[in-house]
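Reviewing the structure listed below.
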Amino acid sequence: MLAIRMRTRRHKAPAFATAAALTALAVPALTATPATATPTAPATATATTYDSTYYKNAVGKTGTALKSSLHTIISNQTKLSYSGVWNALKATDQDPRNSNNVVLLYSGLSRSKSLNGGDTGDWNREHVWAQSHGGFGTSTGPGTDIHHLRPTDVRVNSIRGNKDFDNGGSAVSGGGGSLTDSDSFEPRDAVKGDVARMIFYMAVRYEGGDGWADLEVNGNVNNGSAPYMGRLSVLKAWNEQDPPDAFEERRNQVIYDSYQHNRNPFIDHPEWVEAIW
């Protein structure tokens, strides 16, 4: 493990994107409208539904024993190709109020499924655990694991780059309230917990035993190409502040039922974050 380098950050007051900032993106008005609200429909499954089956070997454990059990459970998955991720995200991140659109992670905009690509105004495949943090790129495995791949605006994705997650910074134009500075990215409030739980999933799923790096969460920013992601204390706080909602729970269920056939345990049991870390 890398030595943890703690530093005092100067937290800036959050700045939220204005309507003018959102319209600054060159995106067709009819295909890039804000999602109206967080869906309130009940999730298709509850944590207890799977405690006696899927999670039976993990329930009641804590610390390294819990992490090890969850790793064994969630490592049994169907792997996608990187090209197959496009269609998967059109299902997992479908706008509940417009089946022709997906909801973009960082901005919260609802954008046409057909606008997937690499041009301004398109949405692309964001690796929430940055590809360079462990060097897995887009190869089948961590590079195509849709538990941490999400639709994002091309420009906002580029601004996030491979930065670690932390509080503070200045407003990201078109980022829906996201903030950034030279070494970190802070997503909008509504998805802070989603981001944290994706990072914790990756740290449990990829432990170095399947040819990929051992991914770990640490207390740093500026992790660069090391297989680490920070900042741990902030991600834990985000998990507490923004519990799973119906959109996140439905997404977990679609991945389990139709694509990878594994689950993100921290969506089903967010309290397991504290039990491990």
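Residues in the structure tokens are numbered from 1 in each chain, the chains being A, B, ... in the order shown, and ligands are numbered from 1 in the order shown.
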Give the strand (DSSP E or B) residues of range 90-169 of chain A, as assigned by DSSP on the backbone, as number ranges by chain.
A: 94-95, 98-103, 109-112, 116, 123-127, 149-153, 164-165
Using only C-alpha atoms, which residues of range 244-270 of chain A come within 12 Å of range 216-240 of chain A, and what is the closest atom pair for each, with the distance in Å to one decimal? Give it as JSON lines, sorted by chain and residue number.
{"residue": "A:Pro244", "atom": "CA", "partner": "A:Asn239", "partner_atom": "CA", "distance": 8.5}
{"residue": "A:Asp245", "atom": "CA", "partner": "A:Asn239", "partner_atom": "CA", "distance": 11.7}
{"residue": "A:Phe266", "atom": "CA", "partner": "A:Asn239", "partner_atom": "CA", "distance": 9.0}
{"residue": "A:Ile267", "atom": "CA", "partner": "A:Asn239", "partner_atom": "CA", "distance": 9.6}
{"residue": "A:His269", "atom": "CA", "partner": "A:Asn239", "partner_atom": "CA", "distance": 10.8}
{"residue": "A:Pro270", "atom": "CA", "partner": "A:Asn239", "partner_atom": "CA", "distance": 7.0}
Write the residues of the selection above to a file with N, CA, C and O atoms, as a PDB file, in the first residue's frame.
ATOM      1  N   PRO A 244     -29.080   4.825  -0.853  1.00  0.00           N
ATOM      2  CA  PRO A 244     -29.591   4.353  -2.143  1.00  0.00           C
ATOM      3  C   PRO A 244     -31.039   4.779  -2.369  1.00  0.00           C
ATOM      4  O   PRO A 244     -31.867   4.720  -1.458  1.00  0.00           O
ATOM      5  N   ASP A 245     -31.309   5.217  -3.601  1.00  0.00           N
ATOM      6  CA  ASP A 245     -32.676   5.565  -3.972  1.00  0.00           C
ATOM      7  C   ASP A 245     -33.198   4.527  -4.959  1.00  0.00           C
ATOM      8  O   ASP A 245     -32.518   3.549  -5.303  1.00  0.00           O
ATOM      9  N   PHE A 266     -23.161  -2.954  -1.541  1.00  0.00           N
ATOM     10  CA  PHE A 266     -23.266  -1.722  -0.771  1.00  0.00           C
ATOM     11  C   PHE A 266     -24.517  -0.922  -1.124  1.00  0.00           C
ATOM     12  O   PHE A 266     -24.876   0.012  -0.408  1.00  0.00           O
ATOM     13  N   ILE A 267     -25.177  -1.307  -2.203  1.00  0.00           N
ATOM     14  CA  ILE A 267     -26.507  -0.763  -2.485  1.00  0.00           C
ATOM     15  C   ILE A 267     -27.538  -1.504  -1.641  1.00  0.00           C
ATOM     16  O   ILE A 267     -28.450  -0.896  -1.057  1.00  0.00           O
ATOM     17  N   HIS A 269     -26.786  -3.221   1.150  1.00  0.00           N
ATOM     18  CA  HIS A 269     -26.415  -3.048   2.563  1.00  0.00           C
ATOM     19  C   HIS A 269     -25.389  -1.920   2.690  1.00  0.00           C
ATOM     20  O   HIS A 269     -24.199  -2.172   2.890  1.00  0.00           O
ATOM     21  N   PRO A 270     -25.819  -0.661   2.614  1.00  0.00           N
ATOM     22  CA  PRO A 270     -24.852   0.436   2.727  1.00  0.00           C
ATOM     23  C   PRO A 270     -24.103   0.448   4.059  1.00  0.00           C
ATOM     24  O   PRO A 270     -22.993   0.985   4.142  1.00  0.00           O
TER      25      PRO A 270
END
List the neighbours of range 47-51 of chain A out to 12 Å using only C-alpha atoms; skip same-chain residues closer than 4 positions along the sequence, and give me the result as a list in words.
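Returned residues: Ala43, Tyr55, Lys56, Asn57, Ala58, Val59, Gly60, Leu70, Ile73, Pro244, Glu249, Asn252, Gln253, Tyr256, Asn262, Arg263, Asn264, Pro265, Phe266, Ile267, Asp268, His269, Pro270, Glu271 and Trp272 of chain A.
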Export of prior selection with N, CA and C atoms as an mmCIF file, in the first residue's frame:
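The file below, out-v1.cif, is the result:
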data_model
loop_
_atom_site.group_PDB
_atom_site.id
_atom_site.type_symbol
_atom_site.label_atom_id
_atom_site.label_comp_id
_atom_site.auth_asym_id
_atom_site.auth_seq_id
_atom_site.Cartn_x
_atom_site.Cartn_y
_atom_site.Cartn_z
ATOM 1 N N ALA A 43 -38.061 -0.203 -5.104
ATOM 2 C CA ALA A 43 -37.087 -1.075 -5.747
ATOM 3 C C ALA A 43 -37.706 -2.439 -6.001
ATOM 4 N N TYR A 55 -26.435 -13.554 -0.251
ATOM 5 C CA TYR A 55 -25.488 -13.059 0.752
ATOM 6 C C TYR A 55 -25.348 -13.978 1.967
ATOM 7 N N LYS A 56 -25.854 -15.192 1.899
ATOM 8 C CA LYS A 56 -25.928 -16.029 3.098
ATOM 9 C C LYS A 56 -24.562 -16.277 3.742
ATOM 10 N N ASN A 57 -23.494 -16.304 2.953
ATOM 11 C CA ASN A 57 -22.164 -16.559 3.516
ATOM 12 C C ASN A 57 -21.481 -15.293 4.031
ATOM 13 N N ALA A 58 -22.141 -14.143 3.857
ATOM 14 C CA ALA A 58 -21.566 -12.877 4.319
ATOM 15 C C ALA A 58 -22.292 -12.305 5.524
ATOM 16 N N VAL A 59 -23.563 -12.605 5.650
ATOM 17 C CA VAL A 59 -24.376 -12.026 6.720
ATOM 18 C C VAL A 59 -23.789 -12.385 8.090
ATOM 19 N N GLY A 60 -23.643 -11.369 8.931
ATOM 20 C CA GLY A 60 -23.129 -11.555 10.291
ATOM 21 C C GLY A 60 -21.640 -11.342 10.432
ATOM 22 N N LEU A 70 -17.721 -11.245 0.576
ATOM 23 C CA LEU A 70 -18.376 -10.500 -0.498
ATOM 24 C C LEU A 70 -17.592 -10.616 -1.800
ATOM 25 N N ILE A 73 -18.485 -13.843 -3.405
ATOM 26 C CA ILE A 73 -19.864 -13.830 -3.903
ATOM 27 C C ILE A 73 -19.974 -13.051 -5.212
ATOM 28 N N PRO A 244 -29.080 4.825 -0.853
ATOM 29 C CA PRO A 244 -29.591 4.353 -2.143
ATOM 30 C C PRO A 244 -31.039 4.779 -2.369
ATOM 31 N N GLU A 249 -31.268 1.408 -6.908
ATOM 32 C CA GLU A 249 -31.662 0.046 -6.586
ATOM 33 C C GLU A 249 -32.166 -0.694 -7.822
ATOM 34 N N ASN A 252 -29.153 -1.732 -9.923
ATOM 35 C CA ASN A 252 -28.519 -2.916 -9.358
ATOM 36 C C ASN A 252 -29.268 -4.180 -9.765
ATOM 37 N N GLN A 253 -30.596 -4.092 -9.742
ATOM 38 C CA GLN A 253 -31.421 -5.251 -10.071
ATOM 39 C C GLN A 253 -31.320 -5.618 -11.555
ATOM 40 N N TYR A 256 -28.121 -7.373 -12.193
ATOM 41 C CA TYR A 256 -28.182 -8.730 -11.645
ATOM 42 C C TYR A 256 -29.040 -9.644 -12.523
ATOM 43 N N ASN A 262 -24.422 -10.337 -11.014
ATOM 44 C CA ASN A 262 -23.897 -10.105 -9.668
ATOM 45 C C ASN A 262 -24.442 -8.779 -9.160
ATOM 46 N N ARG A 263 -24.285 -8.522 -7.881
ATOM 47 C CA ARG A 263 -24.887 -7.351 -7.271
ATOM 48 C C ARG A 263 -23.808 -6.464 -6.650
ATOM 49 N N ASN A 264 -24.149 -5.182 -6.468
ATOM 50 C CA ASN A 264 -23.323 -4.302 -5.651
ATOM 51 C C ASN A 264 -23.836 -4.405 -4.223
ATOM 52 N N PRO A 265 -23.101 -5.074 -3.340
ATOM 53 C CA PRO A 265 -23.618 -5.313 -1.981
ATOM 54 C C PRO A 265 -23.827 -4.039 -1.175
ATOM 55 N N PHE A 266 -23.161 -2.954 -1.541
ATOM 56 C CA PHE A 266 -23.266 -1.722 -0.771
ATOM 57 C C PHE A 266 -24.517 -0.922 -1.124
ATOM 58 N N ILE A 267 -25.177 -1.307 -2.203
ATOM 59 C CA ILE A 267 -26.507 -0.763 -2.485
ATOM 60 C C ILE A 267 -27.538 -1.504 -1.641
ATOM 61 N N ASP A 268 -27.393 -2.814 -1.542
ATOM 62 C CA ASP A 268 -28.300 -3.613 -0.715
ATOM 63 C C ASP A 268 -28.059 -3.389 0.772
ATOM 64 N N HIS A 269 -26.786 -3.221 1.150
ATOM 65 C CA HIS A 269 -26.415 -3.048 2.563
ATOM 66 C C HIS A 269 -25.389 -1.920 2.690
ATOM 67 N N PRO A 270 -25.819 -0.661 2.614
ATOM 68 C CA PRO A 270 -24.852 0.436 2.727
ATOM 69 C C PRO A 270 -24.103 0.448 4.059
ATOM 70 N N GLU A 271 -24.665 -0.174 5.090
ATOM 71 C CA GLU A 271 -23.996 -0.227 6.384
ATOM 72 C C GLU A 271 -22.745 -1.109 6.353
ATOM 73 N N TRP A 272 -22.592 -1.936 5.320
ATOM 74 C CA TRP A 272 -21.402 -2.767 5.199
ATOM 75 C C TRP A 272 -20.152 -1.960 4.886
#
Contact table range 190-266 of chain A vs range 96-106 of chain A, cut-off 12 Å, shortest pair per residue, only C-alpha atoms, as a tab-separated table:
residue	atom	partner	partner_atom	distance
A:Ala190	CA	A:Tyr106	CA	9.1
A:Val191	CA	A:Leu105	CA	7.2
A:Lys192	CA	A:Tyr106	CA	9.3
A:Gly193	CA	A:Leu105	CA	11.7
A:Asp194	CA	A:Leu105	CA	9.1
A:Val195	CA	A:Leu105	CA	9.0
A:Ala246	CA	A:Pro96	CA	10.2
A:Phe247	CA	A:Pro96	CA	8.2
A:Glu248	CA	A:Leu105	CA	10.9
A:Arg250	CA	A:Pro96	CA	10.1
A:Arg251	CA	A:Pro96	CA	11.0
Please identify every residue of range 102-138 of chain A that has at least one atom no farther than 12 Å from an atom of range 90-95 of chain A, counting only C-alpha atoms, and for each give the shortest atom pair and the distance in Å to one decimal, arranged by chain then increasing number, as a Markdown table.
| residue | atom | partner | partner_atom | distance |
| --- | --- | --- | --- | --- |
| A:Val102 | CA | A:Gln94 | CA | 4.3 |
| A:Val103 | CA | A:Asp95 | CA | 5.4 |
| A:Leu104 | CA | A:Asp93 | CA | 7.9 |
| A:Leu105 | CA | A:Asp93 | CA | 8.8 |
| A:Gly108 | CA | A:Asp95 | CA | 10.1 |
| A:Leu109 | CA | A:Asp95 | CA | 9.5 |
| A:Ser110 | CA | A:Asp95 | CA | 6.6 |
| A:Arg111 | CA | A:Asp95 | CA | 8.6 |
| A:Ser112 | CA | A:Lys90 | CA | 9.4 |
| A:Lys113 | CA | A:Lys90 | CA | 6.2 |
| A:Ser114 | CA | A:Lys90 | CA | 9.2 |
| A:Leu115 | CA | A:Lys90 | CA | 10.7 |
| A:Asn116 | CA | A:Lys90 | CA | 9.4 |
| A:Trp123 | CA | A:Lys90 | CA | 10.9 |
| A:Asn124 | CA | A:Lys90 | CA | 11.0 |
| A:Arg125 | CA | A:Lys90 | CA | 10.8 |
Min atom-atom distance to Thr180 in chain A from the set A:Ile276, A:Val156, A:Ile255, A:Val85, counting only C-alpha atoms, belongs to A:Val156
Could you give me the residues within range 20-187 of chain A that DSSP places in helix (DSSP H, G or I), as JSON, numbers by chain?
{"A": [20, 21, 22, 23, 47, 48, 49, 50, 51, 63, 64, 65, 66, 67, 68, 69, 70, 71, 72, 73, 74, 82, 83, 84, 85, 86, 87, 88, 89, 90, 91, 92, 113, 114, 115, 142, 143, 144, 154, 155, 156, 157, 158, 159, 160]}
Enter the distance from CA of Thr72 in chain A to CA of Ala88 in chain A, in Å, rounded to one decimal.
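The value is 23.8 Å.
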With a distance cut-off of 8 Å and only C-alpha atoms, select the neighbouring residues of Val172 in chain A, excluding the residue or stretch itself and same-chain residues fewer than 5 positions from it, and output the selection as a PyMOL selection string.
chain A and resi 17+156+159+177-180
Interatomic distance, CA of His261 in chain A to CA of Ser75 in chain A (Å, one decimal)
9.9 Å
Taking into account only C-alpha atoms, which residue in the set A:Ala213, A:Ala275, A:Ala171, A:Ala196 is nearest to Gly135 in chain A?
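With only C-alpha atoms as the atom set, the closest residue is A:Ala213.
Computed from the coordinates, the CA of Arg150 in chain A to CA of Lys163 in chain A distance equals 16.0 Å.
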